[in-house]
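Enquirer: See my_file22.csv below, with CSV, C-alpha atoms.
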chain,number,residue,atom,x,y,z
A,1,ASP,CA,235.9,-10.9,172.6
A,2,LYS,CA,238.4,-9.6,175.2
A,3,THR,CA,237.7,-12.5,177.7
A,4,PHE,CA,238.1,-15.2,175.0
A,5,PRO,CA,240.6,-13.7,172.5
A,6,ASN,CA,241.6,-17.1,171.0
A,7,GLU,CA,238.0,-18.0,170.1
A,8,LYS,CA,236.3,-17.1,166.9
A,9,PHE,CA,232.9,-15.5,167.2
A,10,LEU,CA,230.4,-15.4,164.4
A,11,LEU,CA,227.4,-13.1,164.4
A,12,LYS,CA,224.5,-13.5,162.1
A,13,PRO,CA,222.0,-10.6,162.5
A,14,HIS,CA,218.2,-11.1,162.3
A,15,PRO,CA,216.6,-10.3,159.0
A,16,GLY,CA,215.0,-7.2,160.5
A,17,GLU,CA,218.3,-5.7,161.7
A,18,LYS,CA,220.5,-3.2,160.0
A,19,PHE,CA,223.7,-4.9,158.8
A,20,ASP,CA,225.7,-1.6,158.9
A,21,TYR,CA,225.0,-1.2,162.6
A,22,TRP,CA,227.1,-4.3,163.3
A,23,LYS,CA,229.9,-3.4,160.9
A,24,ILE,CA,230.2,0.0,162.7
A,25,PHE,CA,230.0,-1.8,166.1
A,26,LYS,CA,232.9,-4.1,165.2
A,27,GLU,CA,235.1,-1.3,163.8
A,28,LYS,CA,234.3,1.0,166.8
A,29,ASN,CA,235.2,-1.6,169.4
A,30,ARG,CA,238.1,-3.0,167.4
A,31,ILE,CA,236.9,-6.6,167.6
A,32,ASN,CA,239.3,-8.8,165.6
A,33,ASN,CA,237.9,-12.2,166.5
A,34,LEU,CA,234.3,-11.4,165.3
A,35,ILE,CA,233.0,-12.3,161.9
A,36,ILE,CA,229.7,-10.7,160.8
A,37,VAL,CA,227.7,-12.7,158.3
A,38,PRO,CA,225.3,-10.9,155.9
A,39,VAL,CA,221.7,-11.6,156.9
A,40,ASN,CA,220.6,-13.6,153.8
A,41,GLU,CA,223.9,-15.3,153.0
A,42,TYR,CA,224.4,-19.0,153.7
A,43,ASN,CA,222.2,-21.3,155.8
A,44,THR,CA,222.1,-20.8,159.5
A,45,ASN,CA,222.1,-24.5,160.1
A,46,SER,CA,225.5,-24.8,158.4
A,47,PHE,CA,227.0,-22.4,161.0
A,48,ILE,CA,225.3,-24.2,163.9
A,49,LEU,CA,226.8,-27.5,162.8
A,50,GLY,CA,230.2,-26.0,162.4
A,51,SER,CA,230.2,-24.4,165.8
A,52,LYS,CA,231.2,-25.6,169.3
A,53,PHE,CA,227.9,-24.0,170.6
A,54,ILE,CA,225.7,-21.1,169.9
A,55,ILE,CA,224.7,-18.1,172.0
A,56,ALA,CA,221.3,-16.5,171.3
A,57,SER,CA,218.5,-14.6,173.1
A,58,ASN,CA,214.9,-15.9,172.8
A,59,CYS,CA,215.7,-17.1,169.3
A,60,THR,CA,214.4,-20.1,167.3
A,61,THR,CA,218.1,-20.8,166.3
A,62,LEU,CA,218.3,-22.3,169.8
A,63,LEU,CA,215.6,-24.8,168.7
A,64,GLU,CA,217.5,-25.5,165.5
A,65,ALA,CA,220.7,-26.1,167.5
A,66,PHE,CA,218.8,-28.5,169.9
A,67,LEU,CA,217.4,-30.5,167.0
A,68,LEU,CA,220.9,-30.6,165.4
A,69,GLU,CA,222.3,-31.8,168.8
A,70,LYS,CA,224.3,-28.7,169.3
A,71,LEU,CA,224.6,-26.9,172.6
A,72,GLY,CA,222.5,-23.7,172.9
A,73,ILE,CA,223.2,-21.0,175.5
A,74,ASN,CA,220.2,-18.7,176.0
A,75,PHE,CA,221.2,-15.2,177.2
A,76,LEU,CA,218.3,-13.5,179.0
A,77,PRO,CA,219.5,-10.3,180.7
A,78,TYR,CA,215.9,-9.0,180.9
A,79,ASP,CA,214.2,-8.2,184.3
A,80,ASN,CA,210.7,-8.7,182.8
A,81,LYS,CA,210.1,-12.4,182.7
A,82,LYS,CA,207.2,-11.8,180.3
A,83,THR,CA,209.8,-11.5,177.6
A,84,HIS,CA,211.2,-15.0,178.2
A,85,TYR,CA,210.1,-17.6,175.7
A,86,GLU,CA,209.2,-20.8,177.4
A,87,LEU,CA,210.3,-23.1,174.6
A,88,THR,CA,213.8,-21.7,174.1
A,89,LYS,CA,214.3,-21.7,177.9
A,90,ILE,CA,213.6,-25.4,178.3
A,91,ILE,CA,215.9,-26.6,175.6
A,92,SER,CA,218.9,-24.4,176.4
A,93,THR,CA,221.4,-23.6,179.1
A,94,ASN,CA,220.1,-20.2,180.5
A,95,CYS,CA,222.3,-17.3,181.6
A,96,PHE,CA,220.6,-14.2,183.1
A,97,ASN,CA,223.6,-11.8,183.3
A,98,ARG,CA,226.9,-11.2,181.6
A,99,SER,CA,228.9,-12.7,184.5
A,100,SER,CA,227.1,-16.1,184.4
A,101,LEU,CA,227.4,-16.1,180.6
A,102,GLU,CA,231.1,-15.7,180.7
A,103,THR,CA,231.4,-18.4,183.5
A,104,GLU,CA,229.3,-20.8,181.4
A,105,ILE,CA,231.4,-20.2,178.3
A,106,LYS,CA,234.7,-20.5,180.2
A,107,ASN,CA,233.6,-23.8,181.9
A,108,ARG,CA,232.4,-25.3,178.6
A,109,LEU,CA,235.7,-24.4,176.8
A,110,MET,CA,237.9,-25.6,179.6
A,111,LYS,CA,236.1,-29.0,179.9
A,112,LYS,CA,235.4,-29.2,176.2
A,113,ASP,CA,231.9,-30.2,177.2
A,114,TYR,CA,229.5,-29.1,174.4
A,115,SER,CA,226.7,-31.6,175.2
A,116,ILE,CA,223.1,-30.5,174.9
A,117,LYS,CA,220.7,-30.2,177.7
A,118,LYS,CA,218.9,-33.4,178.9
A,119,LEU,CA,215.2,-32.6,179.1
A,120,SER,CA,213.0,-33.6,182.0
A,121,LYS,CA,209.7,-35.3,181.4
A,122,ASP,CA,207.8,-32.0,181.8
A,123,GLU,CA,210.2,-30.3,179.4
A,124,LYS,CA,209.8,-33.0,176.8
A,125,GLY,CA,206.0,-32.5,177.2
A,126,ILE,CA,206.3,-28.8,176.4
A,127,LEU,CA,208.5,-29.6,173.4
A,128,LYS,CA,206.1,-32.2,172.0
A,129,TYR,CA,203.1,-29.9,172.6
A,130,THR,CA,204.8,-27.1,170.7
A,131,ILE,CA,206.1,-29.2,167.8
A,132,ALA,CA,203.5,-31.8,166.8
A,133,ASN,CA,205.8,-33.8,164.5
A,134,PHE,CA,208.8,-33.8,166.8
A,135,GLU,CA,209.1,-37.6,166.8
A,136,ASN,CA,208.1,-38.1,163.2
A,137,ASN,CA,209.8,-37.4,159.9
A,138,SER,CA,208.7,-33.9,158.9
A,139,VAL,CA,209.0,-34.6,155.1
A,140,ASP,CA,206.7,-37.6,155.4
A,141,GLU,CA,204.2,-35.6,157.4
A,142,ILE,CA,204.2,-32.7,154.8
A,143,LEU,CA,203.9,-35.1,151.9
A,144,LYS,CA,200.7,-36.7,153.4
A,145,VAL,CA,199.1,-33.3,153.2
A,146,VAL,CA,200.6,-32.1,149.9
A,147,LYS,CA,199.5,-35.2,148.0
A,148,ASN,CA,195.9,-34.2,148.5
A,149,PHE,CA,196.5,-30.8,146.9
A,150,LEU,CA,195.1,-30.3,143.3
A,151,ILE,CA,195.3,-26.7,142.1
A,152,GLN,CA,194.7,-26.4,138.4
A,153,ASP,CA,193.4,-22.8,138.5
A,154,GLU,CA,195.3,-20.5,140.9
A,155,SER,CA,192.3,-18.1,140.9
A,156,LYS,CA,190.3,-20.8,142.7
A,157,ASP,CA,193.0,-21.3,145.4
A,158,LYS,CA,191.1,-19.9,148.4
A,159,PHE,CA,194.1,-20.6,150.7
A,160,SER,CA,196.6,-18.6,148.5
A,161,PHE,CA,198.9,-16.5,150.8
A,162,PHE,CA,198.7,-13.5,148.6
A,163,SER,CA,194.9,-13.6,148.0
A,164,SER,CA,194.3,-13.5,151.7
A,165,MET,CA,197.1,-11.1,152.7
A,166,LYS,CA,194.9,-8.0,152.5
A,167,MET,CA,192.4,-9.5,154.9
A,168,TYR,CA,195.2,-10.6,157.2
A,169,VAL,CA,196.7,-7.1,157.4
A,170,LEU,CA,193.3,-5.6,158.0
A,171,LYS,CA,192.6,-8.1,160.8
A,172,GLU,CA,196.0,-7.3,162.4
A,173,ARG,CA,195.4,-3.5,162.3
A,174,ALA,CA,192.0,-4.0,163.8
A,175,ILE,CA,193.4,-6.1,166.7
A,176,SER,CA,196.1,-3.4,167.3
A,177,PHE,CA,193.5,-0.7,167.3
A,178,ILE,CA,191.3,-2.5,169.8
A,179,ASN,CA,194.3,-3.3,172.0
A,180,SER,CA,195.3,0.4,172.0
A,181,ILE,CA,191.9,1.2,173.5
A,182,PHE,CA,191.1,-1.7,175.8
A,183,ARG,CA,194.6,-2.9,176.6
A,184,PRO,CA,196.9,0.1,176.6
A,185,ASP,CA,199.8,-2.0,177.9
A,186,LYS,CA,203.3,-0.8,176.9
A,187,PHE,CA,204.5,-4.4,177.0
A,188,LEU,CA,202.1,-5.4,174.2
A,189,LYS,CA,203.4,-2.5,172.0
A,190,PHE,CA,207.0,-3.3,172.7
A,191,LYS,CA,206.4,-7.0,172.2
A,192,GLN,CA,205.0,-6.3,168.7
A,193,ILE,CA,208.0,-4.1,167.8
A,194,TYR,CA,210.4,-6.9,169.1
A,195,ARG,CA,208.6,-9.5,167.0
A,196,ASN,CA,208.7,-7.4,163.9
A,197,GLN,CA,212.4,-6.7,164.4
A,198,LYS,CA,213.2,-10.4,164.8
A,199,ASN,CA,211.0,-11.5,161.9
A,200,PRO,CA,209.9,-8.8,159.5
A,201,GLY,CA,208.1,-11.3,157.3
A,202,ILE,CA,208.6,-12.6,153.8
A,203,ASN,CA,208.0,-10.8,150.5
A,204,LYS,CA,206.7,-12.0,147.1
A,205,ASP,CA,210.2,-11.9,145.5
A,206,GLU,CA,211.5,-14.4,148.0
A,207,VAL,CA,208.7,-16.7,147.3
A,208,ILE,CA,209.2,-16.4,143.6
A,209,LYS,CA,212.9,-17.2,143.9
A,210,ILE,CA,212.2,-20.4,145.9
A,211,ALA,CA,209.4,-21.4,143.4
A,212,GLU,CA,211.8,-21.0,140.5
A,213,LYS,CA,214.4,-23.3,142.2
A,214,ILE,CA,211.8,-25.9,142.9
A,215,CYS,CA,210.3,-25.7,139.4
A,216,LYS,CA,213.7,-26.1,137.8
A,217,ILE,CA,214.5,-29.2,139.9
A,218,GLU,CA,211.1,-30.8,139.3
A,219,ASN,CA,211.0,-29.7,135.6
A,220,ILE,CA,207.7,-27.8,136.1
A,221,ASP,CA,206.6,-24.7,134.2
A,222,ILE,CA,207.0,-21.7,136.5
A,223,LYS,CA,203.7,-20.3,135.1
Translate the structure described by the file into structure tokens.
Expert:
Amino acid sequence: DKTFPNEKFLLKPHPGEKFDYWKIFKEKNRINNLIIVPVNEYNTNSFILGSKFIIASNCTTLLEAFLLEKLGINFLPYDNKKTHYELTKIISTNCFNRSSLETEIKNRLMKKDYSIKKLSKDEKGILKYTIANFENNSVDEILKVVKNFLIQDESKDKFSFFSSMKMYVLKERAISFINSIFRPDKFLKFKQIYRNQKNPGINKDEVIKIAEKICKIENIDIK
């Protein structure tokens, strides 16, 4: 904020972060050109499209930016390369310390060059391997599957998220317990904490809200 006082910075915390932390951070450091957006307000893609570029760290918003043809700068000030995600690295401009990050931002703003990274053949291969429908229309691919669904009695839906949730939780706890005995690696523990912080999951109320919107649009009985 001090290096680029005339630029507007917008920060959108991850769902697992405490919003108050960032409010206190902004006030404590007296940052006037920083706007902090509440976690669940507005669509992230809207902000990406309205920006010159985005700065993130190992975040899937870098993938969203790439698919929206917006420059993504991946900030990776971590010595342990195990924490670097391959996908976000190949689609972004990577900066490994604060100095290189500031230099990258300065050059981009000075030249007004916000073009996205051109991928090599190998990088395209990694992207296609990770996202199977990268070159197809996602909606068409989803509809091919959805058209085969016929659920008249939800009690018979063996793939229901909520009916299998208990088994999923049990399985995850069993894996964690086994790892704690046979693979007592601190990295595994910290990686799990990191993942949970970035994506704490989705709850039933969120699913119901989305279902209500869809049912209203499609004129379907919510029951």
Enquirer: Rounded to one decimal in Å, what is the spacing between CA of Ile202 in chain A and CA of Val146 in chain A?
Expert: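 Distance between the two atoms: 21.4 Å.
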Enquirer: Could you check which of A:Lys128, A:Lys12, A:Lys70, A:Lys2 is closest to Tyr42 in chain A, using all atoms listed in the file?
Expert: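 Ranking A:Lys128, A:Lys12, A:Lys70, A:Lys2 by distance to Tyr42 in chain A, first place goes to A:Lys12.
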Enquirer: Taking into account only C-alpha atoms, which residue in the set A:Asn137, A:Thr130, A:Asn196, A:Asn29 is nearest to Ile90 in chain A?
Expert: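 Distance minimum relative to Ile90 in chain A lands on A:Thr130.
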Enquirer: Work out how far CA of Glu135 in chain A is from CA of Ile214 in chain A, in Å to one decimal.
Expert: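 We find that CA of Ile214 in chain A and CA of Glu135 in chain A lie 26.7 Å from each other.
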Enquirer: Residues near range 92-102 of chain A, anyone? I mean within 10 Å using all atoms listed in the file, not counting same-chain ones fewer than 6 positions away, as a PyMOL selection string.
Expert: chain A and resi 3-4+54-57+62-63+65-66+70-79+108+116-119
Enquirer: Report, in Å with one decimal, the straight-line distance from CA of Asp122 in chain A to CA of Phe53 in chain A.
Expert: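 We find that CA of Asp122 in chain A and CA of Phe53 in chain A lie 24.4 Å from each other.
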Enquirer: For Ile193 in chain A, which of A:Asn148, A:Val207, A:Lys171, A:Gly16 is the closest residue, counting only C-alpha atoms?
Expert: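 Going through A:Asn148, A:Val207, A:Lys171, A:Gly16 one by one, the smallest distance to Ile193 in chain A is for A:Gly16.
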Enquirer: What lies within 10 Å of Asn199 in chain A using only C-alpha atoms, ignoring chain neighbours under 4 positions off, as an mmCIF file with C-alpha atoms, in the frame of the given file?
Expert:
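So the final result, stored in out07.cif, reads:
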data_model
loop_
_atom_site.group_PDB
_atom_site.id
_atom_site.type_symbol
_atom_site.label_atom_id
_atom_site.label_comp_id
_atom_site.auth_asym_id
_atom_site.auth_seq_id
_atom_site.Cartn_x
_atom_site.Cartn_y
_atom_site.Cartn_z
ATOM 1 C CA HIS A 14 218.200 -11.100 162.300
ATOM 2 C CA PRO A 15 216.600 -10.300 159.000
ATOM 3 C CA GLY A 16 215.000 -7.200 160.500
ATOM 4 C CA GLU A 17 218.300 -5.700 161.700
ATOM 5 C CA ILE A 193 208.000 -4.100 167.800
ATOM 6 C CA TYR A 194 210.400 -6.900 169.100
ATOM 7 C CA ARG A 195 208.600 -9.500 167.000
#
Enquirer: Could you pull the residues within 9 Å of Lys52 in chain A, counting only C-alpha atoms, minus those fewer than 3 positions along the same chain, as a VMD selection string?
Expert: chain A and resid 48 to 49 70 to 71 109 112 114
Enquirer: Which one of A:Leu170, A:Leu34, A:Glu218, A:Thr88 sits closest to Asn6 in chain A if you count all atoms listed in the file?
Expert: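 With all atoms listed in the file as the atom set, the closest residue is A:Leu34.
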Enquirer: Write out as a count of residues only the residues lying within 10 Å of Ile126 in chain A, counting all atoms listed in the file and excluding same-chain residues fewer than 6 positions away.
Expert: 5
Enquirer: Identify, on the basis of only C-alpha atoms, every residue whose closest approach to Ile222 in chain A does not exceed 8 Å; exclude the query and any residue fewer than 3 positions from it along the same chain; express the result as a list in words.
Expert: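 Counting only the stated atoms, we get Ala211, Glu212 and Cys215 of chain A.
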